[in-house]
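Visitor: Sending over run-v4.cif (mmCIF, C-alpha atoms and all ligand atoms).
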```cif
data_final
loop_
_atom_site.label_atom_id
_atom_site.label_comp_id
_atom_site.auth_asym_id
_atom_site.auth_seq_id
_atom_site.Cartn_x
_atom_site.Cartn_y
_atom_site.Cartn_z
CA MET A 1 17.76 17.60 -2.23
CA ALA A 2 15.25 20.17 -0.99
CA HIS A 3 13.76 20.74 2.42
CA HIS A 4 10.12 20.87 3.40
CA SER A 5 10.09 22.28 6.91
CA ASP A 6 12.78 20.33 8.74
CA MET A 7 12.48 17.10 6.72
CA GLN A 8 14.69 16.43 3.71
CA VAL A 9 12.94 15.75 0.46
CA HIS A 10 14.62 13.67 -2.23
CA ASN A 11 13.68 13.67 -5.89
CA ILE A 12 13.34 10.06 -6.95
CA GLN A 13 11.89 8.09 -9.82
CA ALA A 14 9.52 5.21 -9.30
CA ALA A 15 7.23 2.92 -11.27
CA VAL A 16 3.75 4.01 -10.22
CA LEU A 17 0.60 1.88 -10.49
CA ARG A 18 -2.42 4.08 -11.11
CA ARG A 19 -4.97 1.65 -12.48
CA ARG A 20 -5.77 -2.01 -12.22
CA GLY A 21 -3.76 -4.08 -14.64
CA GLY A 22 -1.16 -1.38 -15.07
CA PRO A 23 0.87 -0.15 -16.75
CA LEU A 24 3.52 0.81 -14.23
CA LYS A 25 4.81 4.16 -15.40
CA ILE A 26 8.04 5.80 -14.34
CA GLU A 27 7.29 9.08 -12.58
CA SER A 28 9.35 11.67 -10.74
CA LEU A 29 8.29 11.79 -7.10
CA GLU A 30 9.28 13.57 -3.93
CA MET A 31 10.21 11.33 -1.01
CA GLU A 32 10.73 12.76 2.47
CA GLY A 33 13.16 11.21 4.88
CA PRO A 34 15.03 9.42 6.22
CA ARG A 35 13.54 9.66 9.67
CA ASN A 36 15.73 8.83 12.65
CA ASP A 37 15.20 5.09 12.34
CA GLU A 38 15.27 4.91 8.55
CA VAL A 39 17.88 4.11 5.92
CA LEU A 40 17.82 5.70 2.49
CA VAL A 41 18.90 3.09 -0.05
CA ARG A 42 19.76 3.65 -3.71
CA ILE A 43 18.30 0.63 -5.48
CA VAL A 44 20.66 -1.25 -7.80
CA ALA A 45 18.40 -4.20 -8.60
CA SER A 46 14.89 -5.28 -7.78
CA GLY A 47 13.16 -8.55 -8.49
CA ILE A 48 9.63 -8.83 -9.76
CA CYS A 49 7.59 -11.74 -8.45
CA HIS A 50 4.02 -12.97 -8.50
CA THR A 51 3.15 -10.95 -5.42
CA ASP A 52 3.83 -7.73 -7.33
CA ILE A 53 1.93 -9.02 -10.35
CA SER A 54 -1.06 -9.99 -8.22
CA PHE A 55 -1.21 -6.49 -6.80
CA VAL A 56 -1.10 -4.99 -10.31
CA ASP A 57 -3.94 -7.25 -11.40
CA GLY A 58 -6.01 -6.83 -8.26
CA TRP A 59 -5.44 -3.21 -7.29
CA ASP A 60 -8.55 -1.13 -6.69
CA GLU A 61 -7.64 2.25 -8.17
CA THR A 62 -9.99 4.03 -5.79
CA ASP A 63 -7.35 3.21 -3.18
CA GLY A 64 -4.98 5.57 -5.01
CA PRO A 65 -1.64 5.22 -6.77
CA ILE A 66 1.05 3.02 -5.24
CA VAL A 67 4.64 1.92 -5.74
CA LEU A 68 5.25 -1.84 -5.57
CA GLY A 69 8.47 -3.87 -5.46
CA HIS A 70 9.71 -5.85 -2.49
CA GLU A 71 12.93 -7.55 -3.53
CA GLY A 72 15.34 -4.67 -3.64
CA ALA A 73 19.09 -4.60 -3.28
CA GLY A 74 21.22 -1.50 -3.25
CA VAL A 75 23.64 0.87 -1.59
CA VAL A 76 23.03 2.91 1.56
CA GLU A 77 23.08 6.62 0.76
CA GLN A 78 22.03 8.09 4.08
CA VAL A 79 21.04 6.91 7.55
CA GLY A 80 18.84 8.39 10.26
CA LYS A 81 20.36 9.51 13.55
CA LYS A 82 19.44 6.32 15.42
CA VAL A 83 20.66 3.86 12.80
CA LYS A 84 23.72 1.97 13.99
CA SER A 85 24.12 -1.21 11.97
CA VAL A 86 24.78 0.30 8.54
CA ARG A 87 26.43 3.41 7.17
CA ARG A 88 26.64 5.27 3.89
CA GLY A 89 28.18 3.09 1.19
CA ASP A 90 27.18 -0.26 2.67
CA HIS A 91 25.58 -2.78 0.34
CA VAL A 92 22.26 -4.14 1.54
CA VAL A 93 19.50 -6.53 0.53
CA LEU A 94 15.97 -5.64 1.56
CA SER A 95 13.48 -8.02 3.09
CA TYR A 96 9.99 -7.94 4.61
CA GLN A 97 9.17 -5.48 7.37
CA SER A 98 8.15 -6.19 10.97
CA CYS A 99 7.15 -3.94 13.85
CA GLY A 100 9.84 -4.81 16.37
CA CYS A 101 7.60 -4.39 19.37
CA CYS A 102 4.96 -7.13 19.39
CA HIS A 103 5.38 -10.36 21.31
CA LYS A 104 6.48 -12.30 18.22
CA CYS A 105 9.10 -9.74 17.26
CA ARG A 106 10.39 -9.51 20.81
CA SER A 107 10.78 -13.26 21.00
CA GLY A 108 12.85 -13.35 17.82
CA HIS A 109 10.15 -14.30 15.31
CA PRO A 110 9.64 -11.20 13.19
CA ALA A 111 8.25 -13.29 10.33
CA ASP A 112 5.25 -13.92 12.58
CA CYS A 113 4.93 -10.25 13.52
CA GLU A 114 1.44 -9.44 14.76
CA ASN A 115 1.57 -6.29 12.66
CA PHE A 116 2.87 -8.04 9.55
CA TYR A 117 -0.08 -6.96 7.43
CA GLU A 118 0.20 -3.28 8.32
CA ALA A 119 3.99 -3.29 8.07
CA ASN A 120 4.09 -4.87 4.62
CA PHE A 121 0.76 -4.20 2.93
CA GLY A 122 -0.34 -1.00 4.64
CA PHE A 123 1.39 1.30 2.09
CA ALA A 124 2.43 3.49 5.00
CA ARG A 125 4.80 3.53 7.92
CA LEU A 126 3.39 1.92 11.04
CA ASP A 127 2.55 5.36 12.38
CA GLY A 128 0.38 5.88 9.30
CA SER A 129 2.64 8.40 7.59
CA ASN A 130 3.84 8.01 4.02
CA ALA A 131 7.11 9.35 2.64
CA LEU A 132 5.63 9.92 -0.83
CA THR A 133 2.70 11.97 0.38
CA HIS A 134 3.99 15.15 -1.31
CA SER A 135 3.42 13.41 -4.63
CA GLY A 136 0.04 11.91 -3.79
CA VAL A 137 1.41 8.38 -4.10
CA ARG A 138 1.83 5.72 -1.43
CA GLY A 139 4.87 3.50 -0.88
CA HIS A 140 6.37 1.44 1.97
CA PHE A 141 5.29 -1.84 0.32
CA PHE A 142 7.11 -4.52 2.35
CA GLY A 143 8.82 -1.62 4.07
CA GLN A 144 10.52 -0.63 0.83
CA SER A 145 8.59 -0.19 -2.48
CA SER A 146 11.68 -1.09 -4.47
CA PHE A 147 10.43 -0.28 -7.98
CA ALA A 148 12.19 3.02 -7.49
CA THR A 149 15.58 4.65 -7.69
CA HIS A 150 15.57 5.15 -3.92
CA VAL A 151 13.66 3.66 -0.99
CA LEU A 152 13.34 4.08 2.74
CA ALA A 153 13.90 0.95 4.80
CA THR A 154 14.75 0.40 8.45
CA GLU A 155 17.36 -1.67 10.24
CA ARG A 156 14.65 -4.26 10.69
CA ASN A 157 14.36 -5.09 7.00
CA ILE A 158 17.85 -4.70 5.65
CA VAL A 159 20.65 -7.23 5.59
CA LYS A 160 24.16 -5.94 5.06
CA VAL A 161 26.10 -7.94 2.47
CA PRO A 162 29.77 -7.98 1.43
CA LYS A 163 30.59 -5.45 -1.28
CA LYS A 164 32.32 -8.06 -3.39
CA LEU A 165 29.02 -9.86 -3.98
CA ASP A 166 26.97 -8.84 -6.99
CA LEU A 167 23.79 -7.11 -5.85
CA GLU A 168 22.00 -8.17 -9.00
CA VAL A 169 22.58 -11.79 -8.06
CA LEU A 170 21.70 -11.32 -4.40
CA ARG A 171 18.34 -9.82 -5.25
CA PRO A 172 16.74 -13.09 -6.41
CA ALA A 173 18.40 -14.94 -3.53
CA ASN A 174 16.45 -12.68 -1.23
CA ARG A 175 13.30 -13.49 -3.11
CA SER A 176 13.27 -17.19 -2.42
CA ARG A 177 13.24 -16.59 1.30
CA HIS A 178 10.09 -14.62 1.60
CA ARG A 179 8.34 -16.46 -1.16
CA ASP A 180 7.90 -19.19 1.41
CA LYS A 181 6.29 -16.72 3.69
CA LEU A 182 3.82 -15.74 1.03
CA ALA A 183 2.97 -19.20 -0.20
CA GLY A 184 -0.76 -19.60 0.06
CA GLY A 185 -0.99 -15.92 0.89
CA PRO A 186 -2.18 -12.93 -1.00
CA GLU A 187 -2.08 -14.11 -4.59
CA ARG A 188 -5.16 -13.26 -6.58
CA SER A 189 -6.59 -11.38 -3.65
CA LYS A 190 -7.42 -7.74 -3.64
CA TYR A 191 -5.30 -5.66 -1.36
CA ARG A 192 -7.94 -5.07 1.26
CA HIS A 193 -8.79 -8.74 1.38
CA LEU A 194 -5.23 -9.93 1.69
CA ARG A 195 -4.48 -12.67 4.12
CA TYR A 196 -1.02 -13.88 4.72
CA GLY A 197 -0.76 -17.56 5.31
CA GLY A 198 0.78 -19.37 8.19
CA GLY A 199 3.76 -20.59 6.22
CA ARG A 200 7.01 -19.97 7.97
CA PRO A 201 9.96 -18.48 6.14
CA GLY A 202 13.20 -20.24 5.43
CA GLY A 203 15.18 -21.18 8.49
CA GLY A 204 17.43 -18.62 10.02
CA HIS A 205 16.13 -15.60 8.22
CA GLY A 206 14.26 -14.18 11.15
CA SER A 207 17.02 -14.75 13.63
CA ALA A 208 19.62 -13.26 11.33
CA HIS A 209 17.37 -10.28 11.06
CA CYS A 210 16.99 -9.74 14.74
CA ARG A 211 20.67 -10.01 15.53
CA GLY A 212 21.91 -6.91 17.24
CA GLN A 213 18.47 -5.44 17.55
CA THR A 214 17.94 -4.85 21.21
CA ASP A 215 16.08 -1.61 20.72
CA HIS A 216 12.46 -2.64 20.49
CA ARG A 217 10.72 0.58 21.32
CA CYS A 218 7.34 0.95 19.75
CA ARG A 219 6.78 4.06 17.71
CA HIS A 220 3.14 3.67 16.93
ZN ZN B 301 8.21 -11.86 -3.71
ZN ZN B 302 5.99 -7.37 15.39
#
```
Output the file's structure in the form of structure tokens.
Guide:
Amino acid sequence: MAHHSDMQVHNIQAAVLRRRGGPLKIESLEMEGPRNDEVLVRIVASGICHTDISFVDGWDETDGPIVLGHEGAGVVEQVGKKVKSVRRGDHVVLSYQSCGCCHKCRSGHPADCENFYEANFGFARLDGSNALTHSGVRGHFFGQSSFATHVLATERNIVKVPKKLDLEVLRPANRSRHRDKLAGGPERSKYRHLRYGGGRPGGGHGSAHCRGQTDHRCRH
């Protein structure tokens, strides 16, 4: 771990997409963080689904290199100062991201977040920053970019799971939930033309997500 100014920088490896159609190549990158509200997760398993494939096939390389992957599962390595619900060593499954401050999020429906597009397909934090900027690559896909050894998530898109459960099995279980969300959504679309459909996710996911999250301060 190195330090750039006052922010930690972690050396990670990630599968980077640099041109339409791939390939995804493993590269060594520098990732800064975690910020106060972020959780650094070491990825143990990550699914690959048609949403990732559609981005590989449709990516406009003039938009720059990116890290995909949105079905990660892993172990918490470090937490930001304001993170309360997980600690180092906890096992977590990663899900979609939401802003936490719009009307939908505040009323317990983060799957309908008014900033869903920016939070999941913006390849940046909601404040516009990007933890992989030192390496000239963008991440934060679905608030994770899980085709990597390590990711930054937040309490809003992690679900703590019992350590006795196999993370490699939980990863595809996570997948089926948000696949509903994406049905009729971005497949075959280019990134900038993405539209996410009105399909609602599997029951209970959103509410489970919001449990214990009374801190809805906006940071952007
Ligand atoms: Zn998926
Ligand atoms: Zn929201």
Visitor: Could you tell me how far atom CA of A:Leu68 lies from atom CA of A:Phe142, in Å and to one decimal?
Guide: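 Distance reported for this atom pair: 8.6 Å.
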Visitor: Hey, which residues come within 9 Å of ligand ZN 302 (chain B) if we count all atoms listed in the file? Could you give them as a VMD selection string?
Guide: chain A and resid 97 to 106 109 to 116 119
Visitor: For A:Glu155, please output as an MDAnalysis selection string all residues within 9 Å (counting all atoms listed in the file; exclusion window: fewer than 3 positions along the same chain).
Guide: chainID A and resid 37:39 83:86 158:159 209 213
Visitor: What does the structure give for the distance between atom CA of A:Phe121 and atom CA of A:Gly139, in Å to one decimal?
Guide: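 Between atom CA of A:Phe121 and atom CA of A:Gly139 the gap works out to 9.5 Å.
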Visitor: From the set A:Leu17, A:Leu94, A:Leu24, A:Val76, which residue has the shortest atom-to-atom contact distance to A:Thr62, counting only C-alpha atoms?
Guide: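 Answer, going by the shortest atom-to-atom distance: A:Leu17.
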Visitor: Name the residues, using the chain letters and numbers of the file, that sit within 10 Å of (10.5, -9.1, -10.1) when counting only C-alpha atoms, and give them as a PyMOL selection string.
Guide: chain A and resi 45-53+69-72+146-147+171-172+175
Visitor: Go ahead and compute the interatomic distance for atom CA of A:Val137 and atom CA of A:Glu30, in Å to one decimal.
Guide: 9.4 Å
Visitor: Of the residues A:Gly74, A:Leu152, A:Lys81, A:His134, which is the one nearest to A:Leu165, using all atoms listed in the file?
Guide: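 Selected residue with least distance to A:Leu165: A:Gly74.
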Visitor: Considering only C-alpha atoms and all ligand atoms, state which residue in the set A:Thr149, A:Ser54, A:Ala15, A:Val67 is at the smallest distance from ligand ZN 301 (chain B).
Guide: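 Residue with the minimum atom-to-atom distance to ligand ZN 301 (chain B): A:Ser54.
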Visitor: Name all residues at most 8 Å from A:Arg87 (count only C-alpha atoms; drop same-chain ones fewer than 5 positions away) and give them as a ChimeraX atom specification.
Guide: /A:76-79
Visitor: Measuring atom to atom with all atoms listed in the file, identify which of A:Lys82, A:Arg18, A:Met7, A:Asn120 is nearest to ligand ZN 301 (chain B).
Guide: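 Result for the nearest residue to ligand ZN 301 (chain B): A:Asn120.
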Visitor: From the list A:Gln13, A:Thr154, A:Ser145, A:Gln8, which residue is nearest A:Leu29 when using only C-alpha atoms?
Guide: A:Gln13
Visitor: Let me make sure I understand: among A:Phe141, A:Leu167, A:Gly64, A:Gly108, which one has the smallest atom-to-atom distance to ligand ZN 301 (chain B) if we use all atoms listed in the file?
Guide: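 With all atoms listed in the file as the atom set, the closest residue is A:Phe141.
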